[in-house]
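Working notes for the structure below.
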Number of protein chains: 2
Amino acid sequence: MTTASTAPVVVLVTPQLGENIGACARAMLNCGLTELRLVAPRDGWPNERAVAASSGAGAVLDAAQLYPTTEAAIADLNFVLATTARPRDMVKEVVTPEEAATRLHARAAQGQRCGVLFGAERMGLLNDDIPRADAILNIPVNPDFSSLNLAQAVLLVGYAWRRAGIEVPSAVLETGGVLPATKIEVENLFRHLDQALAAGGFYTSEQQRPSMTRNLYNLIQRAGMTEQEVRTFHGVIVALTGRSRTVRPS
Amino acid sequence: MTTASTAPVVVLVTPQLGENIGACARAMLNCGLTELRLVAPRDGWPNERAVAASSGAGAVLDAAQLYPTTEAAIADLNFVLATTARPRDMVKEVVTPEEAATRLHARAAQGQRCGVLFGAERMGLLNDDIPRADAILNIPVNPDFSSLNLAQAVLLVGYAWRRAGIEVPSAVLETGGVLPATKIEVENLFRHLDQALAAGGFYTSEQQRPSMTRNLYNLIQRAGMTEQEVRTFHGVIVALTGRSRTVRPS
């Protein structure tokens with residue numbers, strides 16, 4: 001598991017608005033990133049507006065380190081990515097946030113210190129800073145409308161980094177601890193329903209009954225009911241028919 | 001390729017601040033999402049603050065549809081996800097943004113209309129809206145600090161959706177059209193360097209020379225130089241040594 005000290009540092013190069021720095025801190029903390037480095041913030045440091053915008057992520061701001069230049073801010077790092085648009089006149093590798101995450105984790109596992117640069121809000125990173133990075137990180141958004149703000153860029157990169165380092169099941173049935181019904185419980189529910197339907201004249205065609213019952217059984221099964229829900233559904237059938245179950249479950 | 005009409009609609013349920021609606025529109029358009037539906041926005045509609053915050057994504061706001069209830073807003077949809085925290089007292093499937101993206105694309109390919117619900121800024125989605133959705137979409141952020149704003153939630157979901165529908169190479173060497181040097185060009189560069197180093201007394205040990213040259217050659221190779229860069233590097237060697245190449249390349 002990657003600990004805080006092996007997470008990449010976020011370096012904001014000449015950030016302009018305090019609000020944006022605060023928003024970045026907040027975006028970082030959502031992703032478990034805590035190390036912020038600021039290169040010559042335009043409005044100085046500390047910055048009240050940054051604190052206000054950080055909405056609870058003040059600790060990240062408190063721990064933020066100040067540097068006069070990008071060179072100084074990344075001096076101790078082994079691997080640096082520069083988040084910016086694809087270069088037009090440079091020979092540079094360009095990676096996606098996901099590929100960046102893979103490399104950042106791999107290098108952290110090897111004990112390397114990593115950082116990701118983000119440029120000023122309107123200007124982005126200067127050409128002079130790009131050669132200081134190992135590769136460019138480009139966030140692939142709509143080419144016809146590409147307007148992420150600073151905190152959003154930090155968020156997307158941070159989210160990709162976090163996701164690559166944790167295991168989150170892609171899909172989970174949240175049941176609050178209640179177990180799925182066992183198959184015999186589902187079978188018995190279906191039998192109850194089937195009998196009630198038959199008694200109610202639902203099956204108008206004996207020839208079609210087998211396929212109709214299979215379809216209903218599939219439907220019941222697909223609901224993925226919990227034990228509690230199966231019990232509830234028995235009650236639904238009883239209430240609808242006005243009759244209790246004629247055959248008790250085995 | 002998924003066209004605009006097969007992209008999921010974004011449904012904001014009782015959004016509070018116009019600024020947030022505008023920011024959502026902007027986040028959407030970054031991800032190629034254009035269909036916005038608003039359920040009973042608190043401050044009415046249209047909303048000047050939304051327009052101001054949309055920063056160029058005004059077209060999304062212009063096309064936004066207004067509904068009095070969530071039920072009405074999703075009436076025509078076949079598949080709906082509710083973006084919210086994991087439920088504590090409901091039996092519901094919970095998917096990640098990436099899994100959601102997979103399902104949204106799959107259903108769109110089957111001609112289904114899909115939508116993703118986002119709740120009001122502070123309240124999130126009401127319990128009454130969750131059963132209206134097929135599953136819950138939960139964005140896995142730092143459990144110790146989970147504070148995405150509305151536009152950020154829309155951005156992360158939209159970005160995952162977009163990414164699942166396009167093919168972006170994870171890493172590309174951007175060269176502005178210049179080809180990587182051929183291997184013979186790299187070989188000749190190395191020979192030039194090797195000869196210049198030998199003439200300069202670099203190889204102090206004949207026994208270690210083979211491994212030293214191999215290391216240097218590996219280093220040169222790793223730079224992944226373009227033709228232009230190889231030519232430049234020849235010039236560097238010439239400038240450093242004060243001598244032109246003694247052996248011209250074959």
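Ordering of the structure tokens sets the chain letters (A, B, ...); residue numbers start at 1 within each chain; ligands are numbered from 1 in the order shown.
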
Within 6 Å of chain B, which residues of chain A come that close, and what is the closest atom pair and distance in Å for each? Count only C-alpha atoms and give it as JSON lines.
{"residue": "A:Asn30", "atom": "CA", "partner": "B:Asn142", "partner_atom": "CA", "distance": 5.0}
{"residue": "A:Cys31", "atom": "CA", "partner": "B:Asn142", "partner_atom": "CA", "distance": 5.4}
{"residue": "A:Gly32", "atom": "CA", "partner": "B:Asn142", "partner_atom": "CA", "distance": 5.6}
{"residue": "A:Val91", "atom": "CA", "partner": "B:Thr175", "partner_atom": "CA", "distance": 4.5}
{"residue": "A:Lys92", "atom": "CA", "partner": "B:Glu174", "partner_atom": "CA", "distance": 5.3}
{"residue": "A:Glu93", "atom": "CA", "partner": "B:Leu173", "partner_atom": "CA", "distance": 4.1}
{"residue": "A:Val94", "atom": "CA", "partner": "B:Val172", "partner_atom": "CA", "distance": 5.1}
{"residue": "A:Val95", "atom": "CA", "partner": "B:Ala171", "partner_atom": "CA", "distance": 4.3}
{"residue": "A:Thr96", "atom": "CA", "partner": "B:Ser170", "partner_atom": "CA", "distance": 5.2}
{"residue": "A:Glu99", "atom": "CA", "partner": "B:Ser170", "partner_atom": "CA", "distance": 5.4}
{"residue": "A:Val141", "atom": "CA", "partner": "B:Asn30", "partner_atom": "CA", "distance": 5.5}
{"residue": "A:Asn142", "atom": "CA", "partner": "B:Asn30", "partner_atom": "CA", "distance": 5.0}
{"residue": "A:Phe145", "atom": "CA", "partner": "B:Asn30", "partner_atom": "CA", "distance": 5.5}
{"residue": "A:Ser146", "atom": "CA", "partner": "B:Asn30", "partner_atom": "CA", "distance": 5.4}
{"residue": "A:Ser170", "atom": "CA", "partner": "B:Thr96", "partner_atom": "CA", "distance": 5.2}
{"residue": "A:Ala171", "atom": "CA", "partner": "B:Val95", "partner_atom": "CA", "distance": 4.3}
{"residue": "A:Val172", "atom": "CA", "partner": "B:Val94", "partner_atom": "CA", "distance": 5.1}
{"residue": "A:Leu173", "atom": "CA", "partner": "B:Glu93", "partner_atom": "CA", "distance": 4.1}
{"residue": "A:Glu174", "atom": "CA", "partner": "B:Lys92", "partner_atom": "CA", "distance": 5.3}
{"residue": "A:Thr175", "atom": "CA", "partner": "B:Val91", "partner_atom": "CA", "distance": 4.4}

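For Glu121 (chain A), the list of residues within 8 Å, based on only C-alpha atoms and with local chain neighbours fewer than 2 positions off taken out, reads Pro15, Gln16, Gly119, Met123, Gly124, Asn149 and Leu150 of chain A.
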
Pick out each residue of region 85-123 of chain B that DSSP on the backbone tags as alpha helix (DSSP H); I need them as a list of chain:residue names. B:Pro97, B:Glu98, B:Glu99, B:Ala100, B:Ala101, B:Thr102, B:Arg103, B:Leu104, B:His105, B:Ala106, B:Arg107, B:Ala108, B:Ala109

Selected residue of minimal separation from Asn47 (chain A) among A:Glu19, A:Cys24, A:Leu66, A:Arg245, counting only C-alpha atoms: A:Glu19

Applying 12 Å and only C-alpha atoms, which residues near Ala72 (chain B) remain after dropping the ones on its own chain fewer than 6 positions away? List them as a PyMOL selection string. chain B and resi 11+13+37-40+65-66+129+132

One decimal place gives the CA of Ser54 (chain B)-CA of Ala25 (chain B) separation as 5.9 Å

Counting only C-alpha atoms, the option among A:Val116, A:Leu197, A:Leu216, A:Val154 closest to Val9 (chain A): A:Val116

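Take CA of Asn127 (chain B) and CA of Leu36 (chain B): the distance between them is 21.9 Å.
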
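When DSSP reads the backbone of this structure, the residues of region 152-227 of chain B it assigns to strand (DSSP E) are Ala171, Val172, Leu173 and Glu174 of chain B.
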
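Of the residues listed (A:Asn218, A:Pro41, A:Val60, A:Ser211), A:Val60 shows the shortest atom-to-atom separation from Gly22 (chain A); distances use only C-alpha atoms.
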
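Rounded to one decimal, CA of Arg191 (chain B) and CA of Thr232 (chain B) lie 15.0 Å from each other.
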
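Ranking A:Ile21, A:Met212, A:Leu77, A:Leu240 by their shortest atom-to-atom distance to Arg113 (chain A), with only C-alpha atoms included, puts A:Leu77 first.
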
Which polymer residues have any atom within 9 Å of an atom of Ala108 (chain B), counting only C-alpha atoms, with same-chain residues fewer than 3 positions away left out, as a list in words? Thr2, Thr6, Ala7, Pro8, Arg103, Leu104, His105, Gly111, Gln112, Arg113 and Cys114 of chain B
